$ cat data.tsv   # TSV, C-alpha atoms
chain	number	residue	atom	x	y	z
A	174	MET	CA	0.00	0.00	0.00
A	175	ARG	CA	1.69	3.21	-1.13
A	176	PHE	CA	1.02	6.94	-1.26
A	177	ALA	CA	1.63	9.16	-4.28
A	178	GLU	CA	5.21	9.99	-3.28
A	179	GLY	CA	6.09	6.31	-2.92
A	180	LEU	CA	6.01	6.32	0.88
A	181	PRO	CA	4.26	3.40	2.59
A	182	GLY	CA	0.96	3.65	4.42
A	183	VAL	CA	-2.43	5.34	4.32
A	184	GLU	CA	-3.19	8.91	5.26
A	185	ILE	CA	-4.18	9.16	8.94
A	186	TRP	CA	-3.71	12.87	9.67
A	187	ARG	CA	-3.35	16.20	7.84
A	188	GLY	CA	-2.78	19.71	9.16
A	189	GLY	CA	0.03	22.16	9.71
A	190	VAL	CA	2.26	24.08	12.09
A	191	ASN	CA	0.91	26.98	14.11
A	192	THR	CA	3.10	29.86	15.28
A	193	TRP	CA	2.43	28.83	18.88
A	194	ASP	CA	3.67	25.29	18.13
A	195	CYS	CA	7.20	26.65	17.63
A	196	ASP	CA	9.88	27.19	20.26
A	197	GLU	CA	12.88	29.48	20.69
A	198	MET	CA	14.74	27.53	17.98
A	199	GLY	CA	12.20	28.68	15.39
A	200	HIS	CA	10.79	25.23	14.61
A	201	MET	CA	7.92	23.07	15.85
A	202	ASN	CA	8.60	21.85	19.37
A	203	VAL	CA	9.01	18.12	20.00
A	204	ARG	CA	5.83	17.94	22.16
A	205	HIS	CA	3.77	18.84	19.10
A	206	TYR	CA	5.36	16.12	16.98
A	207	VAL	CA	4.22	13.58	19.57
A	208	GLY	CA	0.84	15.31	19.77
A	209	ARG	CA	0.43	14.88	16.01
A	210	ALA	CA	1.52	11.25	16.30
A	211	MET	CA	-1.13	10.60	18.95
A	212	GLU	CA	-3.79	12.25	16.81
A	213	GLY	CA	-2.60	10.16	13.89
A	214	LEU	CA	-2.93	7.06	16.06
A	215	VAL	CA	-6.65	7.84	16.36
A	216	GLY	CA	-6.84	7.69	12.58
A	217	LEU	CA	-4.84	4.47	12.39
A	218	ALA	CA	-7.08	2.86	15.02
A	219	ALA	CA	-10.05	3.69	12.80
A	220	GLU	CA	-8.29	2.02	9.85
A	221	LEU	CA	-7.93	-1.06	12.09
A	222	GLY	CA	-11.70	-1.15	12.65
A	223	MET	CA	-11.59	0.67	16.01
A	224	PRO	CA	-13.05	4.13	15.19
A	225	HIS	CA	-14.02	4.89	18.80
A	226	ALA	CA	-10.82	3.64	20.49
A	227	PHE	CA	-10.03	7.02	22.02
A	228	SER	CA	-13.56	8.17	22.84
A	229	PRO	CA	-14.95	8.20	26.41
A	230	PHE	CA	-17.29	5.26	25.70
A	231	ALA	CA	-14.65	2.99	24.10
A	232	ASN	CA	-14.63	-0.72	24.91
A	233	ALA	CA	-10.96	-1.02	23.89
A	234	THR	CA	-8.15	1.40	23.21
A	235	LEU	CA	-4.51	1.50	22.04
A	236	LEU	CA	-2.09	2.15	24.88
A	237	VAL	CA	1.33	3.38	23.79
A	238	LYS	CA	4.29	1.51	25.28
A	239	GLU	CA	7.16	2.99	23.26
A	240	HIS	CA	7.97	5.68	20.73
A	241	HIS	CA	11.05	5.64	18.54
A	242	ILE	CA	11.27	9.01	16.81
A	243	ARG	CA	13.61	10.42	14.20
A	244	PHE	CA	13.44	14.17	13.55
A	245	LEU	CA	14.59	14.60	9.97
A	246	ARG	CA	13.63	18.04	8.65
A	247	GLU	CA	12.52	21.16	10.47
A	248	ALA	CA	8.87	22.24	10.37
A	249	HIS	CA	8.37	26.00	10.66
A	250	ALA	CA	5.29	28.11	11.38
A	251	GLY	CA	2.79	27.89	8.53
A	252	ALA	CA	4.20	24.66	7.11
A	253	PRO	CA	1.57	22.13	5.96
A	254	LEU	CA	2.09	18.51	7.03
A	255	TYR	CA	0.38	15.16	6.66
A	256	MET	CA	0.90	11.73	8.22
A	257	LEU	CA	0.89	8.24	6.77
A	258	GLY	CA	0.44	5.14	8.89
A	259	GLY	CA	0.71	1.38	8.63
A	260	VAL	CA	1.36	-1.78	10.63
A	261	ILE	CA	4.91	-3.12	10.88
A	262	GLU	CA	3.98	-6.20	12.89
A	263	MET	CA	1.14	-7.43	15.11
A	264	GLY	CA	1.26	-9.89	17.99
A	265	GLU	CA	-1.56	-11.41	20.00
A	266	CYS	CA	-2.14	-8.27	22.06
A	267	ASP	CA	0.47	-5.79	20.80
A	268	ALA	CA	1.61	-4.18	17.58
A	269	LYS	CA	4.35	-1.98	16.20
A	270	VAL	CA	3.05	0.67	13.83
A	271	LEU	CA	4.75	3.12	11.49
A	272	GLN	CA	3.86	6.81	11.34
A	273	LEU	CA	5.49	9.13	8.79
A	274	LEU	CA	5.10	12.91	9.07
A	275	VAL	CA	5.60	14.43	5.62
A	276	HIS	CA	6.17	17.87	4.08
A	277	PRO	CA	3.68	17.75	1.15
A	278	ALA	CA	5.40	20.33	-1.06
A	279	SER	CA	8.68	18.41	-1.25
A	280	GLY	CA	7.60	14.92	-0.19
A	281	GLU	CA	10.42	14.94	2.38
A	282	LEU	CA	9.99	13.37	5.78
A	283	ALA	CA	9.73	15.78	8.70
A	284	ALA	CA	9.77	12.97	11.29
A	285	THR	CA	9.19	9.25	11.63
A	286	PHE	CA	7.70	7.18	14.44
A	287	GLN	CA	7.90	3.50	15.24
A	288	THR	CA	5.15	3.28	17.83
A	289	THR	CA	4.62	0.20	19.99
A	290	VAL	CA	1.04	-0.18	21.25
A	291	VAL	CA	-1.01	-2.72	23.16
A	292	HIS	CA	-4.72	-3.48	22.78
A	293	ALA	CA	-6.14	-2.75	26.24
A	294	THR	CA	-9.21	-1.90	28.27
A	295	PRO	CA	-9.62	1.89	28.31
A	296	ARG	CA	-9.66	2.61	32.03
A	297	GLU	CA	-7.81	-0.25	33.71
A	298	GLY	CA	-5.23	-0.71	30.93
A	299	GLN	CA	-5.72	-4.49	31.00
A	300	VAL	CA	-4.14	-6.00	27.89
A	301	PHE	CA	-6.24	-8.47	25.86
A	302	PRO	CA	-6.15	-10.01	22.34
A	303	TRP	CA	-6.93	-8.07	19.18
A	304	PRO	CA	-10.35	-8.62	17.59
A	305	THR	CA	-10.54	-10.46	14.28
A	306	ILE	CA	-11.33	-7.30	12.31
A	307	ALA	CA	-8.14	-5.60	13.55
A	308	ARG	CA	-6.04	-8.61	12.56
A	309	GLU	CA	-7.61	-8.73	9.10
A	310	ARG	CA	-7.16	-5.03	8.49
A	311	ALA	CA	-3.61	-5.11	9.83
A	312	GLU	CA	-2.68	-7.44	6.99
A	313	ALA	CA	-3.98	-4.91	4.46
A	314	LEU	CA	-2.08	-2.13	6.26
A	315	ARG	CA	1.22	-4.04	6.43
A	316	VAL	CA	4.30	-1.89	5.68
A	317	GLU	CA	8.08	-2.15	5.72
A	318	VAL	CA	10.09	0.36	7.71
A	319	PRO	CA	11.85	2.77	5.32
A	320	GLU	CA	15.56	3.33	5.82
A	321	LYS	CA	15.03	6.85	7.15
A	322	ALA	CA	12.65	5.57	9.84
A	323	ARG	CA	15.01	2.92	11.18
A	324	ALA	CA	17.00	3.40	14.36
A	325	ARG	CA	20.31	5.06	13.58
A	326	SER	CA	22.05	5.90	16.85
A	327	LEU	CA	19.84	4.16	19.40
A	328	ASP	CA	19.44	0.49	20.31
A	329	LEU	CA	15.78	-0.57	20.24
A	330	SER	CA	16.37	-3.93	21.94
A	331	PRO	CA	14.17	-4.94	24.90
A	332	PHE	CA	15.53	-3.72	28.22
A	333	ALA	CA	14.87	-3.80	31.95
A	334	SER	CA	14.73	-0.25	33.30
A	335	THR	CA	17.21	0.81	35.97
A	336	ALA	CA	15.34	4.03	36.73
A	337	SER	CA	14.32	4.95	40.27
A	338	LEU	CA	14.42	8.03	42.47
A	339	ALA	CA	17.01	6.41	44.75
A	340	ARG	CA	19.25	5.58	41.78
A	341	ALA	CA	18.81	9.10	40.36
A	342	GLU	CA	20.03	10.52	43.66
A	343	ALA	CA	22.93	8.06	43.82
A	344	LEU	CA	24.05	8.93	40.29
A	345	GLY	CA	23.66	12.66	40.89
A	346	LEU	CA	21.22	13.15	38.02
A	347	THR	CA	20.00	16.70	37.49
A	348	ARG	CA	16.38	17.54	38.24
A	349	ILE	CA	15.07	19.41	35.18
A	350	GLY	CA	11.35	19.21	35.94
A	351	LEU	CA	8.99	18.82	38.86
A	352	GLY	CA	5.22	19.23	38.95
A	353	GLY	CA	1.78	17.70	39.02
A	354	LEU	CA	-0.71	16.66	36.36
A	355	LEU	CA	-3.73	18.85	35.74
A	356	PRO	CA	-6.90	17.61	34.02
A	357	SER	CA	-5.75	19.36	30.82
A	358	ASP	CA	-2.58	17.22	30.86
A	359	CYS	CA	-4.57	13.98	30.69
A	360	ASP	CA	-6.71	12.12	28.15
A	361	VAL	CA	-10.38	11.13	28.40
A	362	PHE	CA	-9.41	8.07	30.46
A	363	GLY	CA	-7.51	10.18	33.01
A	364	ARG	CA	-4.01	9.09	31.91
A	365	MET	CA	-1.22	11.53	31.18
A	366	ARG	CA	-1.12	12.43	27.50
A	367	ALA	CA	2.00	11.00	25.87
A	368	GLU	CA	3.35	14.36	24.72
A	369	GLN	CA	3.66	15.45	28.37
A	370	PHE	CA	6.84	13.39	28.86
A	371	ILE	CA	8.83	14.77	25.94
A	372	GLY	CA	7.24	18.20	26.43
A	373	ARG	CA	8.27	18.49	30.07
A	374	VAL	CA	11.78	17.36	29.20
A	375	SER	CA	11.84	20.10	26.55
A	376	ASP	CA	10.62	22.67	29.07
A	377	GLY	CA	13.40	21.89	31.52
A	378	ILE	CA	16.30	20.92	29.30
A	379	GLY	CA	17.71	24.42	28.73
A	380	ALA	CA	19.51	24.94	32.04
A	381	PHE	CA	20.82	21.37	31.97
A	382	ILE	CA	22.22	21.34	28.47
A	383	HIS	CA	23.37	24.95	28.09
A	384	PRO	CA	26.79	24.37	29.78
A	385	PHE	CA	27.42	21.44	27.41
A	386	ARG	CA	26.57	23.58	24.40
A	387	ASP	CA	28.85	26.34	25.71
A	388	THR	CA	31.69	23.80	25.82
A	389	ILE	CA	31.04	22.73	22.23
A	390	VAL	CA	30.88	26.33	20.98
A	391	ALA	CA	33.99	27.35	22.95
A	392	HIS	CA	36.02	24.78	20.99
A	393	ALA	CA	34.30	25.38	17.63
A	394	ASP	CA	35.99	27.11	14.70
A	395	PRO	CA	34.28	29.17	13.44
A	396	LYS	CA	32.11	29.95	16.47
A	397	PRO	CA	28.42	30.51	15.73
A	398	ALA	CA	27.06	33.93	16.71
A	399	ARG	CA	23.76	32.40	17.80
A	400	PHE	CA	23.28	28.78	18.75
A	401	GLY	CA	20.71	26.45	20.23
A	402	GLY	CA	19.88	22.78	19.96
A	403	ALA	CA	17.87	20.19	18.13
A	404	VAL	CA	17.02	16.55	18.81
A	405	LEU	CA	17.72	14.02	16.07
A	406	GLU	CA	16.47	10.78	17.59
A	407	TYR	CA	14.49	9.67	20.64
A	408	ARG	CA	13.45	6.44	22.30
A	409	ILE	CA	10.73	6.81	24.94
A	410	ALA	CA	9.42	3.91	27.03
A	411	TYR	CA	6.19	4.56	28.93
A	412	LEU	CA	6.42	2.24	31.93
A	413	ALA	CA	3.35	3.41	33.89
A	414	TRP	CA	0.79	6.11	33.31
A	415	PRO	CA	0.37	8.87	35.90
A	416	ARG	CA	-3.12	10.29	36.31
A	417	VAL	CA	-4.68	13.61	37.29
A	418	GLY	CA	-3.12	14.83	40.52
A	419	ASP	CA	-0.05	12.58	40.32
A	420	ARG	CA	3.36	14.24	40.49
A	421	VAL	CA	6.33	13.83	38.17
A	422	ASP	CA	10.03	14.41	38.82
A	423	ILE	CA	12.28	14.47	35.76
A	424	ARG	CA	15.99	13.67	36.15
A	425	SER	CA	18.59	13.87	33.38
A	426	GLY	CA	22.17	12.84	32.76
A	427	LEU	CA	24.72	13.06	29.96
A	428	LEU	CA	25.88	9.77	28.46
A	429	GLY	CA	28.60	11.18	26.20
A	430	ALA	CA	29.34	12.82	22.87
A	431	ASP	CA	30.78	12.08	19.45
A	432	ALA	CA	31.88	14.29	16.56
A	433	ARG	CA	28.34	15.58	15.97
A	434	THR	CA	26.01	14.65	18.81
A	435	MET	CA	25.39	14.43	22.53
A	436	ARG	CA	23.49	11.51	24.08
A	437	MET	CA	21.32	11.93	27.15
A	438	VAL	CA	18.99	9.90	29.33
A	439	HIS	CA	15.84	11.33	30.92
A	440	TRP	CA	13.84	9.58	33.65
A	441	MET	CA	10.29	10.56	34.63
A	442	LEU	CA	9.82	9.42	38.23
A	443	ASP	CA	7.03	9.29	40.80
A	444	PRO	CA	8.17	11.36	43.83
A	445	ALA	CA	5.68	9.51	46.05
A	446	THR	CA	6.96	5.99	45.39
A	447	GLY	CA	10.33	6.52	43.72
A	448	GLU	CA	9.25	4.27	40.84
A	449	PRO	CA	9.59	5.28	37.16
A	450	TRP	CA	6.70	6.57	35.07
A	451	GLY	CA	8.91	6.38	32.01
A	452	THR	CA	12.44	6.57	30.64
A	453	SER	CA	14.01	7.89	27.48
A	454	GLN	CA	17.24	8.29	25.58
A	455	ALA	CA	17.88	11.19	23.22
A	456	VAL	CA	20.46	12.11	20.61
A	457	ALA	CA	20.86	15.89	20.22
A	458	VAL	CA	23.05	18.38	18.37
A	459	THR	CA	24.18	21.95	18.94
A	460	PHE	CA	22.63	24.03	16.19
A	461	ASP	CA	23.93	27.16	14.47
A	462	LEU	CA	20.73	29.24	14.34
A	463	ASP	CA	21.94	31.44	11.48
A	464	ALA	CA	23.53	28.79	9.25
A	465	ARG	CA	20.81	26.25	10.28
A	466	LYS	CA	23.45	23.55	10.52
A	467	VAL	CA	25.08	21.36	13.16
A	468	VAL	CA	28.05	22.71	15.13
A	469	PRO	CA	30.75	19.97	15.13
A	470	VAL	CA	32.04	18.59	18.44
A	471	THR	CA	35.84	18.75	18.41
A	472	ASP	CA	38.05	16.17	20.10
A	473	ALA	CA	38.76	18.66	22.88
A	474	ALA	CA	35.06	19.29	23.42
A	475	GLN	CA	34.36	15.56	23.45
A	476	ALA	CA	37.01	15.06	26.14
A	477	ALA	CA	35.55	17.88	28.24
A	478	LEU	CA	32.05	16.45	27.94
A	479	ALA	CA	33.26	12.93	28.76
A	480	ALA	CA	34.45	14.25	32.12
A	481	ARG	CA	30.85	15.34	32.88
A	482	ALA	CA	29.14	12.17	31.67
A	483	VAL	CA	27.39	9.90	34.16
A	484	ALA	CA	28.85	6.39	34.39
A	485	ASP	CA	26.47	3.40	34.43
A	486	LEU	CA	23.52	5.49	33.21
A	487	ALA	CA	20.99	3.62	31.08
A	488	LEU	CA	17.30	3.42	30.28

$ encode --input "data.tsv" --output "structure tokens"
Amino acid sequence: MRFAEGLPGVEIWRGGVNTWDCDEMGHMNVRHYVGRAMEGLVGLAAELGMPHAFSPFANATLLVKEHHIRFLREAHAGAPLYMLGGVIEMGECDAKVLQLLVHPASGELAATFQTTVVHATPREGQVFPWPTIARERAEALRVEVPEKARARSLDLSPFASTASLARAEALGLTRIGLGGLLPSDCDVFGRMRAEQFIGRVSDGIGAFIHPFRDTIVAHADPKPARFGGAVLEYRIAYLAWPRVGDRVDIRSGLLGADARTMRMVHWMLDPATGEPWGTSQAVAVTFDLDARKVVPVTDAAQAALAARAVADLAL
């Protein structure tokens, strides 16, 4: 099943970028990419024969377990976008689906998502087998993962999370966010909306990452007059879903750097229990805001950043 530009999938969302979707870097913020992906998932559920999966009276829904995201081309205010979706694979109760966010004028990919979901009861989140109609339609929606949507710098293998509040304290991870969930932060079933994780990391990342960017720029030649950052790739695992009134504590640490990128881990923790709500790993670059290009990380900058990396940090 292919779209006009030769990309796999069926259209599941179409819209654009509002001015208020953009951040200080001048492009659409990461929280809105995930917001579009979640809206697109509503459309994909309908294609699977579950048109009411995200409505208040649903008998079954799709609960997201993981997002793998690649951010490929900036989306600026006023840019039109559309999303294609398909099914990579389907198990008895779970599935991995593909979502491609596309710039229609050029046909270039703005971002890609490999989204792992489970078929679950809406309120309790109890996982149960897919209905026959979903299995039949999944076959018709089957797609291969394009090269640009495959993991590039991150390992997508199964893992056992090491995240906890006690471990965050022991490792000296930096708190970049702390707060509680309001009704507007949650979906119709009372669970935190998925974009809240990446969005709250984005809100708090500036103070954490700015010293690392300063190090990169200090060793750069030429030095950019204005610089910021951009994320290239993300893996987010949603381990439990906080609800209205629950609190979240976000801790971050630097894993290391190479000639172009920095790698970080972010944990979203429950301050009441110390257990993780979710964990993520991100690959980011320092961005020359005038040239709109990546600032290279010199050997000297890599050595300086290695001295600030957190040993034994993982998802």

$ residues_around --input "data.tsv" --residues "Val470 of chain A" --least-positions-apart "2" --cutoff "12 Å" --atoms "only C-alpha atoms" --output "PyMOL selection string"
chain A and resi 385-396+429-435+457-460+467-468+472-479

$ atom_distance --input "data.tsv" --atom1 "atom CA of Leu180 of chain A" --atom2 "atom CA of Gln454 of chain A"
27.2 Å

$ closest_residue --input "data.tsv" --among "A:Ile185, A:Ala341, A:Val207, A:Ala367" --to "Leu236 of chain A" --atoms "all atoms listed in the file"
A:Ala367

$ closest_residue --input "data.tsv" --among "A:Glu448, A:Asp360, A:Asp461, A:Glu309" --to "Glu220 of chain A" --atoms "all atoms listed in the file"
A:Glu309

$ closest_residue --input "data.tsv" --among "A:Ala219, A:Ala413, A:Val190, A:Val421" --to "Gly298 of chain A" --atoms "only C-alpha atoms"
A:Ala413

$ atom_distance --input "data.tsv" --atom1 "atom CA of Leu355 of chain A" --atom2 "atom CA of Val417 of chain A"
5.5 Å

$ residues_near_point --input "data.tsv" --point "(2.5, -0.7, 25.4)" --cutoff "7 Å" --atoms "only C-alpha atoms" --output "ChimeraX atom specification"
/A:236-239,289-291

$ residues_around --input "data.tsv" --residues "Val316 of chain A" --least-positions-apart "3" --cutoff "7 Å" --atoms "only C-alpha atoms" --output "compact mmCIF listing (two decimals) with C-alpha atoms, keeping the file's coordinate frame"
# COMPACT_ATOMS: atom_id res chain seq x y z
CA PRO A 181 4.26 3.40 2.59
CA GLY A 182 0.96 3.65 4.42
CA GLY A 259 0.71 1.38 8.63
CA VAL A 260 1.36 -1.78 10.63
CA ILE A 261 4.91 -3.12 10.88

$ closest_residue --input "data.tsv" --among "A:Tyr407, A:Phe230, A:Phe370, A:Phe400" --to "Glu197 of chain A" --atoms "only C-alpha atoms"
A:Phe400

$ build_atoms --input "data.tsv" --residues "segment 432-452 of chain A" --atoms "N, CA, C and O atoms" --output "JSON list (two decimals), keeping the file's coordinate frame"
[["chain", "number", "residue", "atom", "x", "y", "z"],
["A", 432, "ALA", "N", 31.48, 13.16, 17.38],
["A", 432, "ALA", "CA", 31.88, 14.29, 16.56],
["A", 432, "ALA", "C", 30.73, 15.22, 16.18],
["A", 432, "ALA", "O", 30.97, 16.37, 15.75],
["A", 433, "ARG", "N", 29.49, 14.75, 16.34],
["A", 433, "ARG", "CA", 28.34, 15.58, 15.97],
["A", 433, "ARG", "C", 27.30, 15.72, 17.09],
["A", 433, "ARG", "O", 26.63, 16.74, 17.17],
["A", 434, "THR", "N", 27.17, 14.72, 17.93],
["A", 434, "THR", "CA", 26.01, 14.65, 18.81],
["A", 434, "THR", "C", 26.37, 14.50, 20.29],
["A", 434, "THR", "O", 27.48, 14.12, 20.63],
["A", 435, "MET", "N", 25.37, 14.79, 21.11],
["A", 435, "MET", "CA", 25.39, 14.43, 22.53],
["A", 435, "MET", "C", 24.28, 13.43, 22.77],
["A", 435, "MET", "O", 23.23, 13.49, 22.12],
["A", 436, "ARG", "N", 24.49, 12.51, 23.72],
["A", 436, "ARG", "CA", 23.49, 11.51, 24.08],
["A", 436, "ARG", "C", 23.12, 11.68, 25.54],
["A", 436, "ARG", "O", 24.00, 11.81, 26.41],
["A", 437, "MET", "N", 21.83, 11.69, 25.80],
["A", 437, "MET", "CA", 21.32, 11.93, 27.15],
["A", 437, "MET", "C", 20.25, 10.91, 27.51],
["A", 437, "MET", "O", 19.61, 10.34, 26.62],
["A", 438, "VAL", "N", 20.07, 10.72, 28.81],
["A", 438, "VAL", "CA", 18.99, 9.90, 29.33],
["A", 438, "VAL", "C", 18.12, 10.78, 30.22],
["A", 438, "VAL", "O", 18.63, 11.62, 30.97],
["A", 439, "HIS", "N", 16.80, 10.61, 30.09],
["A", 439, "HIS", "CA", 15.84, 11.33, 30.92],
["A", 439, "HIS", "C", 14.91, 10.31, 31.59],
["A", 439, "HIS", "O", 14.36, 9.44, 30.92],
["A", 440, "TRP", "N", 14.76, 10.43, 32.90],
["A", 440, "TRP", "CA", 13.84, 9.58, 33.65],
["A", 440, "TRP", "C", 12.69, 10.43, 34.18],
["A", 440, "TRP", "O", 12.91, 11.50, 34.77],
["A", 441, "MET", "N", 11.45, 9.95, 33.98],
["A", 441, "MET", "CA", 10.29, 10.56, 34.63],
["A", 441, "MET", "C", 9.90, 9.67, 35.79],
["A", 441, "MET", "O", 9.54, 8.50, 35.59],
["A", 442, "LEU", "N", 9.97, 10.20, 37.01],
["A", 442, "LEU", "CA", 9.82, 9.42, 38.23],
["A", 442, "LEU", "C", 8.61, 9.89, 39.05],
["A", 442, "LEU", "O", 8.18, 11.04, 38.94],
["A", 443, "ASP", "N", 8.11, 8.98, 39.87],
["A", 443, "ASP", "CA", 7.03, 9.29, 40.80],
["A", 443, "ASP", "C", 7.65, 9.69, 42.14],
["A", 443, "ASP", "O", 8.26, 8.84, 42.81],
["A", 444, "PRO", "N", 7.55, 10.96, 42.56],
["A", 444, "PRO", "CA", 8.17, 11.36, 43.83],
["A", 444, "PRO", "C", 7.57, 10.64, 45.04],
["A", 444, "PRO", "O", 8.24, 10.52, 46.07],
["A", 445, "ALA", "N", 6.33, 10.17, 44.91],
["A", 445, "ALA", "CA", 5.68, 9.51, 46.05],
["A", 445, "ALA", "C", 6.22, 8.11, 46.30],
["A", 445, "ALA", "O", 6.38, 7.69, 47.45],
["A", 446, "THR", "N", 6.52, 7.38, 45.24],
["A", 446, "THR", "CA", 6.96, 5.99, 45.39],
["A", 446, "THR", "C", 8.41, 5.77, 45.00],
["A", 446, "THR", "O", 9.00, 4.73, 45.34],
["A", 447, "GLY", "N", 8.98, 6.69, 44.24],
["A", 447, "GLY", "CA", 10.33, 6.52, 43.72],
["A", 447, "GLY", "C", 10.41, 5.68, 42.47],
["A", 447, "GLY", "O", 11.49, 5.50, 41.90],
["A", 448, "GLU", "N", 9.27, 5.15, 42.01],
["A", 448, "GLU", "CA", 9.25, 4.27, 40.84],
["A", 448, "GLU", "C", 9.17, 5.11, 39.55],
["A", 448, "GLU", "O", 8.71, 6.25, 39.56],
["A", 449, "PRO", "N", 9.59, 4.52, 38.42],
["A", 449, "PRO", "CA", 9.59, 5.28, 37.16],
["A", 449, "PRO", "C", 8.22, 5.29, 36.47],
["A", 449, "PRO", "O", 7.55, 4.27, 36.40],
["A", 450, "TRP", "N", 7.84, 6.47, 35.99],
["A", 450, "TRP", "CA", 6.70, 6.57, 35.07],
["A", 450, "TRP", "C", 7.16, 6.24, 33.64],
["A", 450, "TRP", "O", 6.41, 5.69, 32.85],
["A", 451, "GLY", "N", 8.40, 6.62, 33.35],
["A", 451, "GLY", "CA", 8.91, 6.38, 32.01],
["A", 451, "GLY", "C", 10.38, 6.71, 31.93],
["A", 451, "GLY", "O", 10.97, 7.31, 32.85],
["A", 452, "THR", "N", 11.02, 6.32, 30.84],
["A", 452, "THR", "CA", 12.44, 6.57, 30.64],
["A", 452, "THR", "C", 12.70, 6.83, 29.16],
["A", 452, "THR", "O", 11.93, 6.36, 28.30]]
